[in-house]
$ cat run-v3.tsv   # TSV, C-alpha atoms
chain	number	residue	atom	x	y	z
H	40	MET	CA	-25.69	-10.89	8.11
H	41	TRP	CA	-23.73	-7.70	8.78
H	42	ARG	CA	-19.95	-7.92	8.97
H	43	ARG	CA	-17.55	-5.32	10.22
H	44	PHE	CA	-15.04	-4.22	7.63
H	45	ILE	CA	-12.51	-1.48	7.13
H	46	TYR	CA	-11.09	-0.02	3.94
H	47	CYS	CA	-8.05	2.06	3.24
H	48	SER	CA	-5.93	2.85	0.22
H	49	ASP	CA	-3.19	5.05	-1.17
H	50	LEU	CA	-0.40	4.35	1.30
H	51	HIS	CA	2.22	5.26	-1.35
H	52	GLY	CA	5.02	3.36	0.36
H	53	HIS	CA	7.70	5.59	1.80
H	54	HIS	CA	5.53	8.67	1.25
H	55	GLN	CA	2.98	7.41	3.77
H	56	ASN	CA	1.72	9.59	6.57
H	57	LYS	CA	3.06	7.67	9.56
H	58	ARG	CA	0.71	9.41	12.00
H	59	ALA	CA	-2.31	8.44	9.89
H	60	VAL	CA	-1.07	4.84	9.68
H	61	ASP	CA	-0.68	4.71	13.46
H	62	VAL	CA	-4.26	5.98	13.89
H	63	LEU	CA	-5.50	3.38	11.38
H	64	LEU	CA	-3.71	0.56	13.19
H	65	LYS	CA	-5.13	1.65	16.55
H	66	PHE	CA	-8.64	2.07	15.15
H	67	THR	CA	-8.46	-1.35	13.51
H	68	GLU	CA	-7.39	-2.92	16.80
H	69	ASP	CA	-10.32	-1.30	18.62
H	70	PHE	CA	-12.93	-1.82	15.87
H	71	LYS	CA	-12.02	-5.49	15.27
H	72	PRO	CA	-13.24	-5.77	11.66
H	73	VAL	CA	-13.83	-9.16	10.08
H	74	ASP	CA	-12.41	-7.96	6.76
H	75	ARG	CA	-9.69	-5.47	5.93
H	76	PHE	CA	-9.63	-4.14	2.37
H	77	PHE	CA	-6.65	-2.31	0.91
H	78	GLY	CA	-7.77	-0.52	-2.24
H	79	GLY	CA	-4.54	0.11	-4.08
H	80	ASP	CA	-1.35	2.14	-4.31
H	81	LEU	CA	0.54	0.27	-1.64
H	82	TRP	CA	3.68	1.71	-3.18
H	83	ASP	CA	4.43	4.92	-5.05
H	84	LEU	CA	7.14	3.59	-7.39
H	85	SER	CA	7.84	7.05	-8.81
H	86	ALA	CA	11.37	5.94	-9.68
H	87	ILE	CA	10.03	3.67	-12.45
H	88	ARG	CA	7.20	5.82	-13.79
H	89	GLY	CA	7.35	7.13	-17.32
H	90	GLY	CA	8.91	10.58	-17.22
H	91	ALA	CA	10.55	10.08	-13.83
H	92	SER	CA	13.01	12.83	-13.02
H	93	PRO	CA	16.68	12.00	-12.46
H	94	ALA	CA	16.15	12.63	-8.73
H	95	GLU	CA	13.21	10.18	-8.65
H	96	LYS	CA	15.23	7.56	-10.53
H	97	ASP	CA	18.12	7.97	-8.07
H	98	GLU	CA	15.70	7.36	-5.20
H	99	GLY	CA	15.17	3.76	-6.30
H	100	ILE	CA	12.34	1.57	-5.03
H	101	GLU	CA	13.84	-0.38	-2.11
H	102	GLU	CA	12.67	1.96	0.67
H	103	ASP	CA	9.28	2.27	-1.03
H	104	LEU	CA	8.80	-1.51	-1.25
H	105	ARG	CA	10.02	-2.04	2.30
H	106	ALA	CA	7.51	0.51	3.69
H	107	GLY	CA	4.62	-1.07	1.77
H	108	PHE	CA	5.45	-4.60	2.89
H	109	LYS	CA	5.84	-3.43	6.49
H	110	PHE	CA	2.35	-1.95	6.32
H	111	LEU	CA	0.98	-5.28	5.05
H	112	ASP	CA	2.68	-7.11	7.93
H	113	ASP	CA	1.31	-4.64	10.47
H	114	TRP	CA	-2.27	-4.26	9.17
H	115	LEU	CA	-2.83	-7.78	7.75
H	116	PRO	CA	-5.42	-7.00	5.07
H	117	THR	CA	-7.74	-9.78	3.90
H	118	VAL	CA	-8.01	-8.28	0.39
H	119	VAL	CA	-5.35	-6.26	-1.47
H	120	LEU	CA	-6.08	-4.58	-4.78
H	121	ALA	CA	-3.54	-3.04	-7.13
H	122	GLY	CA	-3.75	0.66	-7.87
H	123	ASN	CA	-2.33	2.66	-10.75
H	124	HIS	CA	0.96	3.21	-8.92
H	125	CYS	CA	1.28	-0.51	-8.18
H	126	ALA	CA	0.65	-1.18	-11.88
H	127	ARG	CA	3.92	0.60	-12.66
H	128	LEU	CA	5.80	-2.48	-11.50
H	129	TRP	CA	3.71	-4.74	-13.74
H	130	ASP	CA	4.02	-2.34	-16.69
H	131	LYS	CA	7.77	-2.16	-16.25
H	132	ARG	CA	8.07	-5.97	-16.29
H	133	VAL	CA	5.81	-6.38	-19.32
H	134	GLY	CA	7.43	-3.45	-21.16
H	135	GLU	CA	10.89	-4.94	-20.72
H	136	GLY	CA	9.76	-8.41	-21.75
H	137	ILE	CA	10.51	-9.92	-18.33
H	138	ILE	CA	7.14	-11.71	-18.28
$ encode --input "run-v3.tsv" --output "structure tokens"
Amino acid sequence: MWRRFIYCSDLHGHHQNKRAVDVLLKFTEDFKPVDRFFGGDLWDLSAIRGGASPAEKDEGIEEDLRAGFKFLDDWLPTVVLAGNHCARLWDKRVGEGII
């Protein structure tokens, strides 16, 4: 049986294109997919990447995380995958022995 689905990825948190997100939300409302797949890079997390500039480090990650979580609340994906930018958070935790 065929099922309607929609896929998007690469939001990059606070770097997101707000106009594109608004179009996606409206299209999703009209299309009424059964499944919503988010394919990774919900956040950018440039502040914690290896080789981050002092300006990127000063930016922090709070605004980035907040924007990504707001998108999740608004779009309500059924599947969320981690991308290479999302992996920065995991790598940071593992590298510092937190987990």
$ closest_residue --input "run-v3.tsv" --among "H:Thr117, H:Asp83, H:Ser92, H:Phe76" --to "Asp49 (chain H)" --atoms "only C-alpha atoms"
H:Asp83
$ closest_residue --input "run-v3.tsv" --among "H:Arg105, H:Glu98, H:Lys57, H:Arg43" --to "Asp69 (chain H)" --atoms "only C-alpha atoms"
H:Arg43
$ residues_near_point --input "run-v3.tsv" --point "(-3.3, -5.1, 10.3)" --cutoff "7 Å" --atoms "all atoms listed in the file" --output "number ranges by chain"
H: 64, 111-116
$ residues_around --input "run-v3.tsv" --residues "Lys96 (chain H)" --least-positions-apart "3" --cutoff "6 Å" --atoms "all atoms listed in the file" --output "ChimeraX atom specification"
/H:86,93,99
$ closest_residue --input "run-v3.tsv" --among "H:Asp103, H:Asp74, H:Glu95, H:Glu68" --to "Leu50 (chain H)" --atoms "only C-alpha atoms"
H:Asp103
$ atom_distance --input "run-v3.tsv" --atom1 "CA of Asp97 (chain H)" --atom2 "CA of Leu120 (chain H)"
27.5 Å
$ closest_residue --input "run-v3.tsv" --among "H:Phe77, H:Phe66, H:Trp41, H:Trp82" --to "His54 (chain H)" --atoms "only C-alpha atoms"
H:Trp82
$ closest_residue --input "run-v3.tsv" --among "H:Ala106, H:Leu81, H:Ala94, H:Ile87" --to "Cys125 (chain H)" --atoms "all atoms listed in the file"
H:Leu81
$ atom_distance --input "run-v3.tsv" --atom1 "CA of Leu128 (chain H)" --atom2 "CA of Phe44 (chain H)"
28.3 Å
$ atom_distance --input "run-v3.tsv" --atom1 "CA of Lys131 (chain H)" --atom2 "CA of Val118 (chain H)"
23.7 Å
$ closest_residue --input "run-v3.tsv" --among "H:Met40, H:Cys47, H:Val60, H:Ile100" --to "Gly122 (chain H)" --atoms "only C-alpha atoms"
H:Cys47
$ residues_around --input "run-v3.tsv" --residues "Asn123 (chain H)" --least-positions-apart "4" --cutoff "9 Å" --atoms "all atoms listed in the file" --output "PyMOL selection string"
chain H and resi 79-80+127
$ decode --input "run-v3.tsv" --residues "region 62-126 of chain H" --atoms "C-alpha atoms" --output "PDB file, in the first residue's frame"
ATOM      1  CA  VAL H  62       6.803  26.848   3.204  1.00  0.00           C
ATOM      2  CA  LEU H  63       7.602  23.332   4.461  1.00  0.00           C
ATOM      3  CA  LEU H  64       5.162  23.648   7.359  1.00  0.00           C
ATOM      4  CA  LYS H  65       2.401  24.901   5.056  1.00  0.00           C
ATOM      5  CA  PHE H  66       3.076  22.201   2.464  1.00  0.00           C
ATOM      6  CA  THR H  67       3.051  19.527   5.164  1.00  0.00           C
ATOM      7  CA  GLU H  68      -0.291  20.793   6.453  1.00  0.00           C
ATOM      8  CA  ASP H  69      -1.790  20.661   2.953  1.00  0.00           C
ATOM      9  CA  PHE H  70      -0.151  17.372   1.860  1.00  0.00           C
ATOM     10  CA  LYS H  71      -1.038  15.507   5.089  1.00  0.00           C
ATOM     11  CA  PRO H  72       1.739  12.893   4.979  1.00  0.00           C
ATOM     12  CA  VAL H  73       1.516   9.751   7.093  1.00  0.00           C
ATOM     13  CA  ASP H  74       5.244   9.883   7.844  1.00  0.00           C
ATOM     14  CA  ARG H  75       7.627  12.794   8.270  1.00  0.00           C
ATOM     15  CA  PHE H  76      11.338  12.003   8.002  1.00  0.00           C
ATOM     16  CA  PHE H  77      14.035  14.391   9.154  1.00  0.00           C
ATOM     17  CA  GLY H  78      17.339  13.287   7.655  1.00  0.00           C
ATOM     18  CA  GLY H  79      19.904  14.954   9.868  1.00  0.00           C
ATOM     19  CA  ASP H  80      21.660  18.166  10.844  1.00  0.00           C
ATOM     20  CA  LEU H  81      18.900  19.513  13.024  1.00  0.00           C
ATOM     21  CA  TRP H  82      21.542  21.743  14.580  1.00  0.00           C
ATOM     22  CA  ASP H  83      24.737  23.301  13.263  1.00  0.00           C
ATOM     23  CA  LEU H  84      26.767  23.224  16.495  1.00  0.00           C
ATOM     24  CA  SER H  85      29.667  25.108  14.902  1.00  0.00           C
ATOM     25  CA  ALA H  86      30.684  26.369  18.347  1.00  0.00           C
ATOM     26  CA  ILE H  87      31.833  22.868  19.350  1.00  0.00           C
ATOM     27  CA  ARG H  88      33.352  21.674  16.076  1.00  0.00           C
ATOM     28  CA  GLY H  89      37.046  20.944  15.880  1.00  0.00           C
ATOM     29  CA  GLY H  90      38.791  24.082  14.670  1.00  0.00           C
ATOM     30  CA  ALA H  91      35.952  26.413  15.636  1.00  0.00           C
ATOM     31  CA  SER H  92      36.960  30.052  15.438  1.00  0.00           C
ATOM     32  CA  PRO H  93      36.874  32.221  18.557  1.00  0.00           C
ATOM     33  CA  ALA H  94      33.776  33.957  17.139  1.00  0.00           C
ATOM     34  CA  GLU H  95      32.016  30.585  16.655  1.00  0.00           C
ATOM     35  CA  LYS H  96      32.940  29.494  20.181  1.00  0.00           C
ATOM     36  CA  ASP H  97      31.581  32.768  21.593  1.00  0.00           C
ATOM     37  CA  GLU H  98      28.287  32.121  19.787  1.00  0.00           C
ATOM     38  CA  GLY H  99      27.569  29.121  22.004  1.00  0.00           C
ATOM     39  CA  ILE H 100      24.910  26.521  21.229  1.00  0.00           C
ATOM     40  CA  GLU H 101      21.823  27.674  23.153  1.00  0.00           C
ATOM     41  CA  GLU H 102      20.161  29.566  20.279  1.00  0.00           C
ATOM     42  CA  ASP H 103      21.075  26.746  17.894  1.00  0.00           C
ATOM     43  CA  LEU H 104      19.521  24.065  20.124  1.00  0.00           C
ATOM     44  CA  ARG H 105      16.430  26.171  20.790  1.00  0.00           C
ATOM     45  CA  ALA H 106      15.805  26.679  17.041  1.00  0.00           C
ATOM     46  CA  GLY H 107      16.192  22.954  16.326  1.00  0.00           C
ATOM     47  CA  PHE H 108      13.839  21.901  19.112  1.00  0.00           C
ATOM     48  CA  LYS H 109      11.282  24.501  18.023  1.00  0.00           C
ATOM     49  CA  PHE H 110      11.349  23.009  14.536  1.00  0.00           C
ATOM     50  CA  LEU H 111      10.722  19.530  15.990  1.00  0.00           C
ATOM     51  CA  ASP H 112       7.763  20.872  17.978  1.00  0.00           C
ATOM     52  CA  ASP H 113       6.325  22.605  14.920  1.00  0.00           C
ATOM     53  CA  TRP H 114       6.874  19.883  12.293  1.00  0.00           C
ATOM     54  CA  LEU H 115       6.464  16.764  14.485  1.00  0.00           C
ATOM     55  CA  PRO H 116       8.608  14.296  12.522  1.00  0.00           C
ATOM     56  CA  THR H 117       7.939  10.578  12.905  1.00  0.00           C
ATOM     57  CA  VAL H 118      11.600   9.688  12.268  1.00  0.00           C
ATOM     58  CA  VAL H 119      14.664  11.803  13.135  1.00  0.00           C
ATOM     59  CA  LEU H 120      18.145  10.817  12.011  1.00  0.00           C
ATOM     60  CA  ALA H 121      21.408  12.341  13.195  1.00  0.00           C
ATOM     61  CA  GLY H 122      23.629  14.079  10.679  1.00  0.00           C
ATOM     62  CA  ASN H 123      27.318  14.891  10.826  1.00  0.00           C
ATOM     63  CA  HIS H 124      26.648  18.226  12.531  1.00  0.00           C
ATOM     64  CA  CYS H 125      24.442  16.547  15.149  1.00  0.00           C
ATOM     65  CA  ALA H 126      27.251  14.051  15.744  1.00  0.00           C
TER      66      ALA H 126
END
